[in-house]
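Accompanying notes for the structure given below.
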Amino acid sequence: DAGITQSPRHKVTETGTPVTLRCHQTENHRYMYWYRQDPGHGLRLIHYSYGVKDTDKGEVSDGYSVSRSKTEDFLLTLESATSSQTSVYFCAISDSVRSAGANNEQFFGPGTRLTVL
Amino acid sequence: AQTVTQSQPEMSVQEAETVTLSCTYDTSESDYYLFWYKQPPSRQMILVIRQEAYKQQNATENRFSVNFQKAAKSFSLKISDSQLGDAAMYFCAYRILYGGATNKLIFGTGTLLAVQP
């Protein structure tokens, strides 16, 4: 299994509080992604990173920010959590986007269940 | 914009029988990947099988095989000799072959498969 950890694994917070989720990888992969999973929607991309300090928005980025100061860590921040951000959050990593084949695969972390009351 | 549709929210199969999960997608691209991911109750996302659109031969991984119909934009998953451990949510996903920095996956809404003993 790819070395990807997410912390915390579970979190309950209140509306209006800031929350930071951490994704840590030991694979030295260049690309990292944050998805959220909601019933009826599958997984949707929030933000992604293509290198240290290089990030960009995905399709559901409103209310979220990210940072990547080291290759191994990708942080997702909810500046002021809302109930609509209650979800399961997945981090994924990928080694390459250019070549075809197995090294183009995205590997997923175990997920973080976030509940915003 | 690319979309992925899974029209079967839930399916059920008897142990040792065969089941087929449906997936259709919409894209104007000619080169792309299609995937089936399995998500058991543990929430871990597990890659089951991958199909490159430029390959005419259907992918097979042990008891899992796909029926890829490029013209119809259809990508179904067949599970043979179903086992209790196959019970999970299954997601169909699409990715353009050379997506640049994004390399994002586009997911369907999932099919929950139950396996009856």
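Each chain of the structure tokens is named A, B, ... in the order shown, its residues numbered from 1; ligands are numbered from 1 in display order.
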Once you count only C-alpha atoms, which residues of chain B turn out to be within 12 Å of chain A? Could you give them as a compact mmCIF listing (two decimals) with all heavy atoms, in the first residue's frame?
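Final output, selection_34.txt:
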# COMPACT_ATOMS: atom_id res chain seq x y z
N ALA B 1 -18.03 19.34 -20.73
CA ALA B 1 -17.46 18.80 -19.50
C ALA B 1 -17.72 17.30 -19.44
O ALA B 1 -18.73 16.80 -19.92
CB ALA B 1 -18.08 19.47 -18.28
N THR B 3 -18.63 13.80 -17.80
CA THR B 3 -19.51 13.30 -16.74
C THR B 3 -19.47 11.78 -16.72
O THR B 3 -19.21 11.14 -17.74
CB THR B 3 -20.96 13.77 -16.93
OG1 THR B 3 -21.43 13.31 -18.20
CG2 THR B 3 -21.07 15.28 -16.87
N VAL B 4 -19.75 11.23 -15.55
CA VAL B 4 -19.81 9.79 -15.36
C VAL B 4 -21.13 9.46 -14.67
O VAL B 4 -21.47 10.09 -13.65
CB VAL B 4 -18.63 9.29 -14.51
CG1 VAL B 4 -18.75 7.79 -14.25
CG2 VAL B 4 -17.30 9.60 -15.20
N THR B 5 -21.86 8.50 -15.21
CA THR B 5 -23.18 8.16 -14.69
C THR B 5 -23.26 6.69 -14.30
O THR B 5 -22.94 5.81 -15.10
CB THR B 5 -24.28 8.47 -15.72
OG1 THR B 5 -24.23 9.86 -16.07
CG2 THR B 5 -25.66 8.15 -15.16
N GLN B 6 -23.65 6.45 -13.08
CA GLN B 6 -23.94 5.08 -12.62
C GLN B 6 -25.42 5.05 -12.27
O GLN B 6 -25.84 5.68 -11.30
CB GLN B 6 -23.08 4.72 -11.42
CG GLN B 6 -21.60 4.64 -11.75
CD GLN B 6 -20.77 4.31 -10.53
OE1 GLN B 6 -20.01 5.15 -10.04
NE2 GLN B 6 -20.87 3.08 -10.06
N SER B 7 -26.18 4.34 -13.04
CA SER B 7 -27.64 4.40 -12.92
C SER B 7 -28.22 3.41 -11.91
O SER B 7 -29.43 3.42 -11.67
CB SER B 7 -28.28 4.14 -14.29
OG SER B 7 -27.87 2.88 -14.78
N GLN B 8 -27.37 2.58 -11.33
CA GLN B 8 -27.84 1.57 -10.37
C GLN B 8 -27.34 1.96 -8.97
O GLN B 8 -26.20 1.66 -8.62
CB GLN B 8 -27.30 0.19 -10.74
CG GLN B 8 -27.59 -0.25 -12.15
CD GLN B 8 -26.56 -1.26 -12.65
OE1 GLN B 8 -25.37 -1.07 -12.47
NE2 GLN B 8 -27.04 -2.32 -13.30
N PRO B 9 -28.15 2.60 -8.15
CA PRO B 9 -27.69 2.96 -6.81
C PRO B 9 -27.35 1.74 -5.95
O PRO B 9 -26.43 1.79 -5.14
CB PRO B 9 -28.87 3.74 -6.22
CG PRO B 9 -29.68 4.14 -7.39
CD PRO B 9 -29.49 3.09 -8.44
N GLU B 10 -28.13 0.66 -6.13
CA GLU B 10 -27.90 -0.55 -5.34
C GLU B 10 -28.09 -1.77 -6.21
O GLU B 10 -28.93 -1.80 -7.11
CB GLU B 10 -28.88 -0.60 -4.15
CG GLU B 10 -28.74 0.53 -3.16
CD GLU B 10 -29.69 0.39 -1.99
OE1 GLU B 10 -30.34 -0.66 -1.88
OE2 GLU B 10 -29.80 1.33 -1.20
N ASP B 31 -8.69 10.07 -26.04
CA ASP B 31 -7.74 9.31 -25.23
C ASP B 31 -8.01 9.59 -23.75
O ASP B 31 -7.95 10.73 -23.30
CB ASP B 31 -6.30 9.71 -25.55
CG ASP B 31 -5.91 9.28 -26.96
OD1 ASP B 31 -6.36 8.20 -27.39
OD2 ASP B 31 -5.17 10.03 -27.61
N TYR B 32 -8.26 8.52 -23.01
CA TYR B 32 -8.59 8.67 -21.59
C TYR B 32 -8.48 7.33 -20.91
O TYR B 32 -8.28 6.28 -21.55
CB TYR B 32 -10.01 9.24 -21.41
CG TYR B 32 -11.08 8.56 -22.25
CD1 TYR B 32 -11.75 7.43 -21.78
CD2 TYR B 32 -11.41 9.05 -23.50
CE1 TYR B 32 -12.71 6.81 -22.54
CE2 TYR B 32 -12.38 8.43 -24.27
CZ TYR B 32 -13.03 7.31 -23.80
OH TYR B 32 -13.99 6.70 -24.56
N TYR B 33 -8.56 7.37 -19.60
CA TYR B 33 -8.60 6.16 -18.77
C TYR B 33 -9.98 6.03 -18.14
O TYR B 33 -10.64 7.02 -17.83
CB TYR B 33 -7.61 6.26 -17.60
CG TYR B 33 -6.16 6.08 -17.94
CD1 TYR B 33 -5.29 7.16 -17.90
CD2 TYR B 33 -5.65 4.83 -18.25
CE1 TYR B 33 -3.95 7.01 -18.17
CE2 TYR B 33 -4.31 4.67 -18.51
CZ TYR B 33 -3.46 5.75 -18.47
OH TYR B 33 -2.13 5.59 -18.74
N LEU B 34 -10.35 4.81 -17.90
CA LEU B 34 -11.54 4.51 -17.10
C LEU B 34 -11.14 3.56 -15.99
O LEU B 34 -10.26 2.70 -16.17
CB LEU B 34 -12.64 3.89 -17.97
CG LEU B 34 -13.20 4.81 -19.05
CD1 LEU B 34 -13.98 4.00 -20.07
CD2 LEU B 34 -14.11 5.87 -18.43
N PHE B 35 -11.77 3.73 -14.84
CA PHE B 35 -11.42 2.94 -13.67
C PHE B 35 -12.68 2.47 -12.96
O PHE B 35 -13.73 3.10 -13.01
CB PHE B 35 -10.65 3.80 -12.64
CG PHE B 35 -9.43 4.48 -13.18
CD1 PHE B 35 -9.53 5.71 -13.81
CD2 PHE B 35 -8.18 3.91 -13.03
CE1 PHE B 35 -8.40 6.35 -14.30
CE2 PHE B 35 -7.04 4.54 -13.51
CZ PHE B 35 -7.16 5.77 -14.15
N TYR B 37 -13.31 1.64 -8.92
CA TYR B 37 -12.79 1.62 -7.56
C TYR B 37 -13.80 0.92 -6.66
O TYR B 37 -15.00 1.07 -6.81
CB TYR B 37 -12.56 3.04 -7.02
CG TYR B 37 -11.30 3.71 -7.50
CD1 TYR B 37 -11.28 4.42 -8.68
CD2 TYR B 37 -10.12 3.62 -6.75
CE1 TYR B 37 -10.12 5.05 -9.12
CE2 TYR B 37 -8.96 4.24 -7.19
CZ TYR B 37 -8.97 4.97 -8.37
OH TYR B 37 -7.82 5.59 -8.79
N LYS B 38 -13.27 0.21 -5.68
CA LYS B 38 -14.09 -0.45 -4.67
C LYS B 38 -13.87 0.27 -3.35
O LYS B 38 -12.74 0.58 -2.98
CB LYS B 38 -13.66 -1.92 -4.55
CG LYS B 38 -14.25 -2.68 -3.38
CD LYS B 38 -13.64 -4.08 -3.31
CE LYS B 38 -14.17 -4.87 -2.12
NZ LYS B 38 -13.54 -6.22 -2.04
N GLN B 39 -14.97 0.52 -2.64
CA GLN B 39 -14.88 1.13 -1.32
C GLN B 39 -15.64 0.26 -0.32
O GLN B 39 -16.85 0.34 -0.20
CB GLN B 39 -15.43 2.55 -1.31
CG GLN B 39 -15.21 3.27 0.02
CD GLN B 39 -15.77 4.67 0.04
OE1 GLN B 39 -16.90 4.90 -0.39
NE2 GLN B 39 -14.99 5.62 0.55
N PRO B 40 -14.94 -0.58 0.42
CA PRO B 40 -15.59 -1.41 1.45
C PRO B 40 -15.98 -0.54 2.65
O PRO B 40 -15.68 0.66 2.67
CB PRO B 40 -14.50 -2.42 1.82
CG PRO B 40 -13.22 -1.74 1.47
CD PRO B 40 -13.52 -0.83 0.30
N PRO B 41 -16.62 -1.13 3.65
CA PRO B 41 -17.02 -0.36 4.83
C PRO B 41 -15.85 0.36 5.53
O PRO B 41 -16.07 1.33 6.23
CB PRO B 41 -17.65 -1.41 5.74
CG PRO B 41 -18.20 -2.41 4.78
CD PRO B 41 -17.20 -2.47 3.65
N SER B 42 -14.66 -0.10 5.32
CA SER B 42 -13.49 0.58 5.92
C SER B 42 -13.23 1.96 5.32
O SER B 42 -12.44 2.73 5.85
CB SER B 42 -12.24 -0.28 5.73
OG SER B 42 -11.92 -0.36 4.34
N ARG B 43 -13.89 2.28 4.22
CA ARG B 43 -13.79 3.56 3.49
C ARG B 43 -12.58 3.63 2.56
O ARG B 43 -12.46 4.56 1.80
CB ARG B 43 -13.74 4.76 4.44
CG ARG B 43 -15.02 5.19 5.03
CD ARG B 43 -14.99 6.68 5.37
NE ARG B 43 -13.84 7.08 6.13
CZ ARG B 43 -13.86 7.35 7.44
NH1 ARG B 43 -14.97 7.18 8.11
NH2 ARG B 43 -12.77 7.74 8.06
N GLN B 44 -11.67 2.67 2.66
CA GLN B 44 -10.48 2.73 1.81
C GLN B 44 -10.86 2.61 0.34
O GLN B 44 -11.65 1.75 -0.02
CB GLN B 44 -9.51 1.61 2.18
CG GLN B 44 -8.21 1.64 1.40
CD GLN B 44 -7.36 2.83 1.75
OE1 GLN B 44 -7.12 3.13 2.91
NE2 GLN B 44 -6.88 3.53 0.74
N MET B 45 -10.32 3.46 -0.50
CA MET B 45 -10.56 3.40 -1.94
C MET B 45 -9.54 2.46 -2.56
O MET B 45 -8.33 2.70 -2.47
CB MET B 45 -10.45 4.79 -2.56
CG MET B 45 -11.51 5.77 -2.11
SD MET B 45 -13.13 5.37 -2.76
CE MET B 45 -12.92 5.84 -4.48
N ILE B 46 -10.04 1.42 -3.21
CA ILE B 46 -9.17 0.38 -3.76
C ILE B 46 -9.40 0.31 -5.27
O ILE B 46 -10.53 0.13 -5.72
CB ILE B 46 -9.49 -0.99 -3.12
CG1 ILE B 46 -9.33 -0.91 -1.61
CG2 ILE B 46 -8.60 -2.08 -3.72
CD1 ILE B 46 -9.94 -2.08 -0.87
N LEU B 47 -8.33 0.45 -6.03
CA LEU B 47 -8.45 0.33 -7.49
C LEU B 47 -8.69 -1.14 -7.85
O LEU B 47 -7.90 -2.01 -7.49
CB LEU B 47 -7.19 0.84 -8.17
CG LEU B 47 -7.19 0.76 -9.69
CD1 LEU B 47 -8.29 1.63 -10.29
CD2 LEU B 47 -5.83 1.16 -10.25
N VAL B 48 -9.76 -1.38 -8.58
CA VAL B 48 -10.11 -2.74 -8.98
C VAL B 48 -9.56 -3.05 -10.35
O VAL B 48 -8.94 -4.10 -10.59
CB VAL B 48 -11.65 -2.91 -8.98
CG1 VAL B 48 -12.03 -4.29 -9.54
CG2 VAL B 48 -12.21 -2.73 -7.58
N ILE B 49 -9.79 -2.12 -11.29
CA ILE B 49 -9.42 -2.40 -12.67
C ILE B 49 -9.32 -1.09 -13.44
O ILE B 49 -9.99 -0.11 -13.10
CB ILE B 49 -10.45 -3.37 -13.32
CG1 ILE B 49 -9.89 -4.06 -14.55
CG2 ILE B 49 -11.76 -2.65 -13.60
CD1 ILE B 49 -10.70 -5.28 -14.98
N ARG B 50 -8.46 -1.08 -14.45
CA ARG B 50 -8.21 0.11 -15.25
C ARG B 50 -8.30 -0.26 -16.73
O ARG B 50 -7.87 -1.33 -17.14
CB ARG B 50 -6.82 0.64 -14.93
CG ARG B 50 -6.33 1.72 -15.85
CD ARG B 50 -4.82 1.99 -15.76
NE ARG B 50 -4.11 1.02 -14.99
CZ ARG B 50 -3.44 1.29 -13.87
NH1 ARG B 50 -3.39 2.48 -13.43
NH2 ARG B 50 -2.82 0.36 -13.20
N GLN B 51 -8.85 0.65 -17.52
CA GLN B 51 -8.95 0.46 -18.97
C GLN B 51 -8.44 1.70 -19.69
O GLN B 51 -8.90 2.80 -19.39
CB GLN B 51 -10.41 0.20 -19.37
CG GLN B 51 -10.67 0.10 -20.86
CD GLN B 51 -10.28 -1.25 -21.44
OE1 GLN B 51 -10.57 -2.29 -20.87
NE2 GLN B 51 -9.64 -1.24 -22.58
N GLU B 52 -7.49 1.51 -20.59
CA GLU B 52 -7.07 2.62 -21.43
C GLU B 52 -7.96 2.66 -22.67
O GLU B 52 -8.17 1.63 -23.31
CB GLU B 52 -5.61 2.43 -21.87
CG GLU B 52 -4.60 2.57 -20.75
CD GLU B 52 -4.30 1.25 -20.06
OE1 GLU B 52 -5.08 0.30 -20.21
OE2 GLU B 52 -3.29 1.19 -19.34
N ALA B 53 -8.45 3.82 -23.02
CA ALA B 53 -9.42 3.93 -24.11
C ALA B 53 -8.83 3.55 -25.45
O ALA B 53 -9.55 3.13 -26.36
CB ALA B 53 -9.99 5.34 -24.17
N TYR B 54 -7.50 3.68 -25.61
CA TYR B 54 -6.88 3.36 -26.90
C TYR B 54 -6.66 1.84 -27.07
O TYR B 54 -6.25 1.39 -28.12
CB TYR B 54 -5.56 4.11 -27.06
CG TYR B 54 -4.54 3.85 -25.97
CD1 TYR B 54 -3.65 2.79 -26.07
CD2 TYR B 54 -4.46 4.67 -24.86
CE1 TYR B 54 -2.72 2.55 -25.08
CE2 TYR B 54 -3.53 4.45 -23.87
CZ TYR B 54 -2.66 3.39 -23.97
OH TYR B 54 -1.73 3.16 -22.99
N LYS B 55 -6.93 1.09 -26.04
CA LYS B 55 -6.81 -0.37 -26.12
C LYS B 55 -8.19 -0.97 -26.39
O LYS B 55 -9.14 -0.72 -25.64
CB LYS B 55 -6.25 -0.95 -24.84
CG LYS B 55 -4.79 -0.60 -24.59
CD LYS B 55 -4.26 -1.33 -23.37
CE LYS B 55 -2.78 -1.01 -23.15
NZ LYS B 55 -2.25 -1.68 -21.94
N MET B 89 -19.18 -0.43 -1.91
CA MET B 89 -19.60 0.58 -2.88
C MET B 89 -18.59 0.56 -4.02
O MET B 89 -17.37 0.52 -3.78
CB MET B 89 -19.63 1.96 -2.22
CG MET B 89 -20.05 3.08 -3.15
SD MET B 89 -21.80 3.05 -3.51
CE MET B 89 -22.44 3.96 -2.10
N TYR B 90 -19.09 0.58 -5.25
CA TYR B 90 -18.22 0.59 -6.42
C TYR B 90 -18.40 1.89 -7.19
O TYR B 90 -19.52 2.29 -7.51
CB TYR B 90 -18.53 -0.61 -7.32
CG TYR B 90 -18.04 -1.91 -6.76
CD1 TYR B 90 -18.79 -2.61 -5.81
CD2 TYR B 90 -16.82 -2.44 -7.15
CE1 TYR B 90 -18.33 -3.79 -5.26
CE2 TYR B 90 -16.35 -3.63 -6.61
CZ TYR B 90 -17.11 -4.30 -5.67
OH TYR B 90 -16.65 -5.47 -5.13
N PHE B 91 -17.28 2.52 -7.46
CA PHE B 91 -17.29 3.78 -8.20
C PHE B 91 -16.62 3.61 -9.55
O PHE B 91 -15.53 3.05 -9.65
CB PHE B 91 -16.54 4.88 -7.43
CG PHE B 91 -17.22 5.34 -6.18
CD1 PHE B 91 -16.83 4.85 -4.95
CD2 PHE B 91 -18.25 6.26 -6.24
CE1 PHE B 91 -17.45 5.28 -3.79
CE2 PHE B 91 -18.88 6.70 -5.09
CZ PHE B 91 -18.48 6.20 -3.86
N CYS B 92 -17.28 4.13 -10.56
CA CYS B 92 -16.70 4.25 -11.88
C CYS B 92 -16.05 5.63 -11.96
O CYS B 92 -16.58 6.61 -11.42
CB CYS B 92 -17.80 4.09 -12.93
SG CYS B 92 -17.31 4.25 -14.63
N ALA B 93 -14.89 5.72 -12.60
CA ALA B 93 -14.20 7.01 -12.68
C ALA B 93 -13.52 7.16 -14.03
O ALA B 93 -13.14 6.18 -14.68
CB ALA B 93 -13.17 7.14 -11.55
N TYR B 94 -13.36 8.40 -14.42
CA TYR B 94 -12.79 8.76 -15.73
C TYR B 94 -11.64 9.73 -15.50
O TYR B 94 -11.66 10.55 -14.59
CB TYR B 94 -13.89 9.45 -16.55
CG TYR B 94 -13.42 10.27 -17.74
CD1 TYR B 94 -13.44 9.73 -19.02
CD2 TYR B 94 -12.95 11.57 -17.57
CE1 TYR B 94 -13.01 10.49 -20.11
CE2 TYR B 94 -12.51 12.32 -18.65
CZ TYR B 94 -12.56 11.77 -19.92
OH TYR B 94 -12.13 12.51 -20.99
N ARG B 95 -10.63 9.62 -16.36
CA ARG B 95 -9.56 10.61 -16.35
C ARG B 95 -9.02 10.76 -17.76
O ARG B 95 -8.78 9.77 -18.44
CB ARG B 95 -8.43 10.19 -15.42
CG ARG B 95 -7.41 11.31 -15.16
CD ARG B 95 -6.25 10.81 -14.35
NE ARG B 95 -5.37 9.98 -15.17
CZ ARG B 95 -4.76 8.90 -14.71
NH1 ARG B 95 -4.96 8.48 -13.48
NH2 ARG B 95 -3.97 8.21 -15.50
N ILE B 96 -8.83 12.01 -18.18
CA ILE B 96 -8.25 12.24 -19.48
C ILE B 96 -6.82 11.69 -19.49
O ILE B 96 -6.16 11.66 -18.44
CB ILE B 96 -8.27 13.74 -19.83
CG1 ILE B 96 -7.91 13.97 -21.29
CG2 ILE B 96 -7.37 14.52 -18.91
CD1 ILE B 96 -8.14 15.41 -21.74
N LEU B 97 -6.34 11.22 -20.63
CA LEU B 97 -5.05 10.54 -20.68
C LEU B 97 -3.91 11.45 -20.28
O LEU B 97 -3.09 11.10 -19.44
CB LEU B 97 -4.81 9.98 -22.08
CG LEU B 97 -3.52 9.16 -22.25
CD1 LEU B 97 -3.55 7.95 -21.33
CD2 LEU B 97 -3.36 8.71 -23.69
N TYR B 98 -3.87 12.63 -20.85
CA TYR B 98 -2.82 13.58 -20.50
C TYR B 98 -3.50 14.85 -20.03
O TYR B 98 -3.76 15.75 -20.82
CB TYR B 98 -1.90 13.85 -21.69
CG TYR B 98 -1.14 12.63 -22.12
CD1 TYR B 98 -1.42 12.01 -23.33
CD2 TYR B 98 -0.18 12.06 -21.30
CE1 TYR B 98 -0.74 10.87 -23.71
CE2 TYR B 98 0.51 10.92 -21.68
CZ TYR B 98 0.23 10.33 -22.89
OH TYR B 98 0.89 9.21 -23.28
N GLY B 99 -3.79 14.88 -18.75
CA GLY B 99 -4.58 15.99 -18.19
C GLY B 99 -3.76 17.14 -17.69
O GLY B 99 -4.30 17.98 -16.98
N GLY B 100 -2.49 17.17 -17.98
CA GLY B 100 -1.68 18.25 -17.47
C GLY B 100 -1.55 18.14 -15.96
O GLY B 100 -1.59 17.06 -15.39
N ALA B 101 -1.46 19.25 -15.30
CA ALA B 101 -1.24 19.24 -13.85
C ALA B 101 -2.46 18.73 -13.10
O ALA B 101 -2.35 18.26 -11.98
CB ALA B 101 -0.89 20.64 -13.37
N THR B 102 -3.61 18.79 -13.72
CA THR B 102 -4.81 18.41 -12.99
C THR B 102 -4.87 16.91 -12.73
O THR B 102 -4.97 16.47 -11.60
CB THR B 102 -6.07 18.83 -13.76
OG1 THR B 102 -6.00 20.21 -14.03
CG2 THR B 102 -7.30 18.51 -12.95
N ASN B 103 -4.84 16.14 -13.78
CA ASN B 103 -4.90 14.69 -13.66
C ASN B 103 -6.05 14.24 -12.77
O ASN B 103 -5.97 13.24 -12.09
CB ASN B 103 -3.58 14.16 -13.08
CG ASN B 103 -3.44 12.66 -13.30
OD1 ASN B 103 -3.90 12.12 -14.28
ND2 ASN B 103 -2.81 11.98 -12.36
N LYS B 104 -7.12 15.02 -12.74
CA LYS B 104 -8.17 14.72 -11.78
C LYS B 104 -9.03 13.57 -12.26
O LYS B 104 -9.18 13.31 -13.45
CB LYS B 104 -9.05 15.94 -11.54
CG LYS B 104 -9.94 16.31 -12.71
CD LYS B 104 -10.86 17.45 -12.32
CE LYS B 104 -11.82 17.80 -13.45
NZ LYS B 104 -12.73 18.89 -13.07
N LEU B 105 -9.58 12.88 -11.28
CA LEU B 105 -10.54 11.82 -11.55
C LEU B 105 -11.95 12.40 -11.45
O LEU B 105 -12.25 13.18 -10.56
CB LEU B 105 -10.38 10.70 -10.53
CG LEU B 105 -9.13 9.83 -10.64
CD1 LEU B 105 -8.94 9.00 -9.39
CD2 LEU B 105 -9.22 8.93 -11.86
N ILE B 106 -12.81 11.97 -12.36
CA ILE B 106 -14.22 12.32 -12.30
C ILE B 106 -14.98 11.05 -11.97
O ILE B 106 -14.89 10.06 -12.70
CB ILE B 106 -14.69 12.92 -13.63
CG1 ILE B 106 -13.91 14.20 -13.93
CG2 ILE B 106 -16.19 13.23 -13.58
CD1 ILE B 106 -14.14 14.76 -15.30
N PHE B 107 -15.71 11.11 -10.88
CA PHE B 107 -16.36 9.91 -10.35
C PHE B 107 -17.86 9.90 -10.65
O PHE B 107 -18.51 10.93 -10.72
CB PHE B 107 -16.20 9.84 -8.83
CG PHE B 107 -14.82 9.46 -8.37
CD1 PHE B 107 -13.84 10.42 -8.21
CD2 PHE B 107 -14.52 8.14 -8.10
CE1 PHE B 107 -12.56 10.07 -7.79
CE2 PHE B 107 -13.25 7.78 -7.67
CZ PHE B 107 -12.27 8.75 -7.52
N GLY B 108 -18.39 8.69 -10.78
CA GLY B 108 -19.83 8.49 -10.75
C GLY B 108 -20.32 8.51 -9.30
O GLY B 108 -19.53 8.65 -8.36
N THR B 109 -21.62 8.33 -9.13
CA THR B 109 -22.21 8.44 -7.80
C THR B 109 -22.14 7.14 -7.01
O THR B 109 -22.48 7.11 -5.84
CB THR B 109 -23.67 8.89 -7.90
OG1 THR B 109 -24.36 8.04 -8.82
CG2 THR B 109 -23.76 10.33 -8.40
N GLY B 110 -21.72 6.07 -7.65
CA GLY B 110 -21.51 4.82 -6.94
C GLY B 110 -22.67 3.85 -7.03
O GLY B 110 -23.83 4.24 -7.19
N THR B 111 -22.34 2.56 -6.91
CA THR B 111 -23.32 1.47 -6.82
C THR B 111 -22.98 0.65 -5.59
O THR B 111 -21.85 0.16 -5.47
CB THR B 111 -23.28 0.58 -8.06
OG1 THR B 111 -23.66 1.33 -9.21
CG2 THR B 111 -24.23 -0.61 -7.90
N LEU B 112 -23.93 0.52 -4.70
CA LEU B 112 -23.73 -0.27 -3.49
C LEU B 112 -24.08 -1.73 -3.78
O LEU B 112 -25.23 -2.04 -4.08
CB LEU B 112 -24.58 0.26 -2.35
CG LEU B 112 -24.40 -0.44 -1.01
CD1 LEU B 112 -22.97 -0.29 -0.51
CD2 LEU B 112 -25.39 0.09 0.03
If DSSP is run on the backbone, what residues of chain A are strand (DSSP E)? A reply as a PyMOL selection string would be ideal. chain A and resi 4-7+10-13+19-25+31-38+42-51+54-57+64-70+73-78+87-94+106-108+112-116
Excluding Val19 of chain B and any residue of its chain fewer than 4 positions from it, enumerate the residues within 9 Å of it, using only C-alpha atoms, and give them as an NGL selection string. :B and (11-14 or 77-82)
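Atom CA of Gln6 of chain A is found 20.2 Å from atom CA of Asp54 of chain A.
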Atom pair atom CA of Thr115 of chain A / atom CA of Trp36 of chain B: separation (Å): 27.8 Å
Residues near Val12 of chain A, cut-off 10 Å, only C-alpha atoms, skip fewer than 3 positions along chain, as a CSV table (one decimal) with all heavy atoms, in the first residue's frame:
chain,number,residue,atom,x,y,z
A,19,VAL,N,-10.8,24.6,10.8
A,19,VAL,CA,-10.4,23.2,10.8
A,19,VAL,C,-9.3,23.0,9.8
A,19,VAL,O,-9.4,23.5,8.7
A,19,VAL,CB,-11.6,22.3,10.5
A,19,VAL,CG1,-11.2,20.8,10.4
A,19,VAL,CG2,-12.8,22.5,11.4
A,86,THR,N,-19.8,19.2,6.1
A,86,THR,CA,-19.8,17.8,6.7
A,86,THR,C,-19.7,16.8,5.6
A,86,THR,O,-20.5,16.8,4.7
A,86,THR,CB,-21.2,17.6,7.5
A,86,THR,OG1,-21.2,18.5,8.6
A,86,THR,CG2,-21.3,16.2,7.9
A,113,ARG,N,-13.4,11.7,8.4
A,113,ARG,CA,-14.9,12.0,8.5
A,113,ARG,C,-15.0,13.2,9.4
A,113,ARG,O,-14.6,13.3,10.5
A,113,ARG,CB,-15.6,10.8,9.2
A,113,ARG,CG,-17.1,11.2,9.3
A,113,ARG,CD,-17.9,10.0,9.9
A,113,ARG,NE,-18.0,8.9,8.9
A,113,ARG,CZ,-18.8,8.8,7.9
A,113,ARG,NH1,-19.6,9.8,7.7
A,113,ARG,NH2,-18.8,7.7,7.1
A,114,LEU,N,-15.5,14.3,8.8
A,114,LEU,CA,-15.7,15.6,9.4
A,114,LEU,C,-17.2,15.9,9.6
A,114,LEU,O,-17.9,15.8,8.6
A,114,LEU,CB,-15.0,16.7,8.6
A,114,LEU,CG,-15.3,18.1,9.2
A,114,LEU,CD1,-14.5,18.3,10.5
A,114,LEU,CD2,-14.8,19.2,8.2
A,115,THR,N,-17.6,16.2,10.8
A,115,THR,CA,-18.9,16.6,11.1
A,115,THR,C,-18.9,18.0,11.7
A,115,THR,O,-18.2,18.3,12.6
A,115,THR,CB,-19.6,15.6,12.1
A,115,THR,OG1,-19.5,14.3,11.6
A,115,THR,CG2,-21.0,16.0,12.4
A,116,VAL,N,-19.7,18.9,11.0
A,116,VAL,CA,-19.8,20.2,11.5
A,116,VAL,C,-21.2,20.5,12.0
A,116,VAL,O,-22.2,20.3,11.3
A,116,VAL,CB,-19.6,21.2,10.3
A,116,VAL,CG1,-19.6,22.7,10.8
A,116,VAL,CG2,-18.2,20.9,9.7
A,117,LEU,N,-21.3,20.7,13.3
A,117,LEU,CA,-22.6,20.9,14.0
A,117,LEU,C,-23.1,22.3,13.9
A,117,LEU,O,-22.3,23.2,13.9
A,117,LEU,CB,-22.5,20.4,15.4
A,117,LEU,CG,-22.0,18.9,15.6
A,117,LEU,CD1,-21.9,18.6,17.1
A,117,LEU,CD2,-23.0,18.0,14.9
Considering only C-alpha atoms, can you say which of B:Ser65, B:Gln83, B:Gln56, B:Thr24 comes closest to Val115 of chain B?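 Under the stated criterion, the closest residue is B:Gln83.
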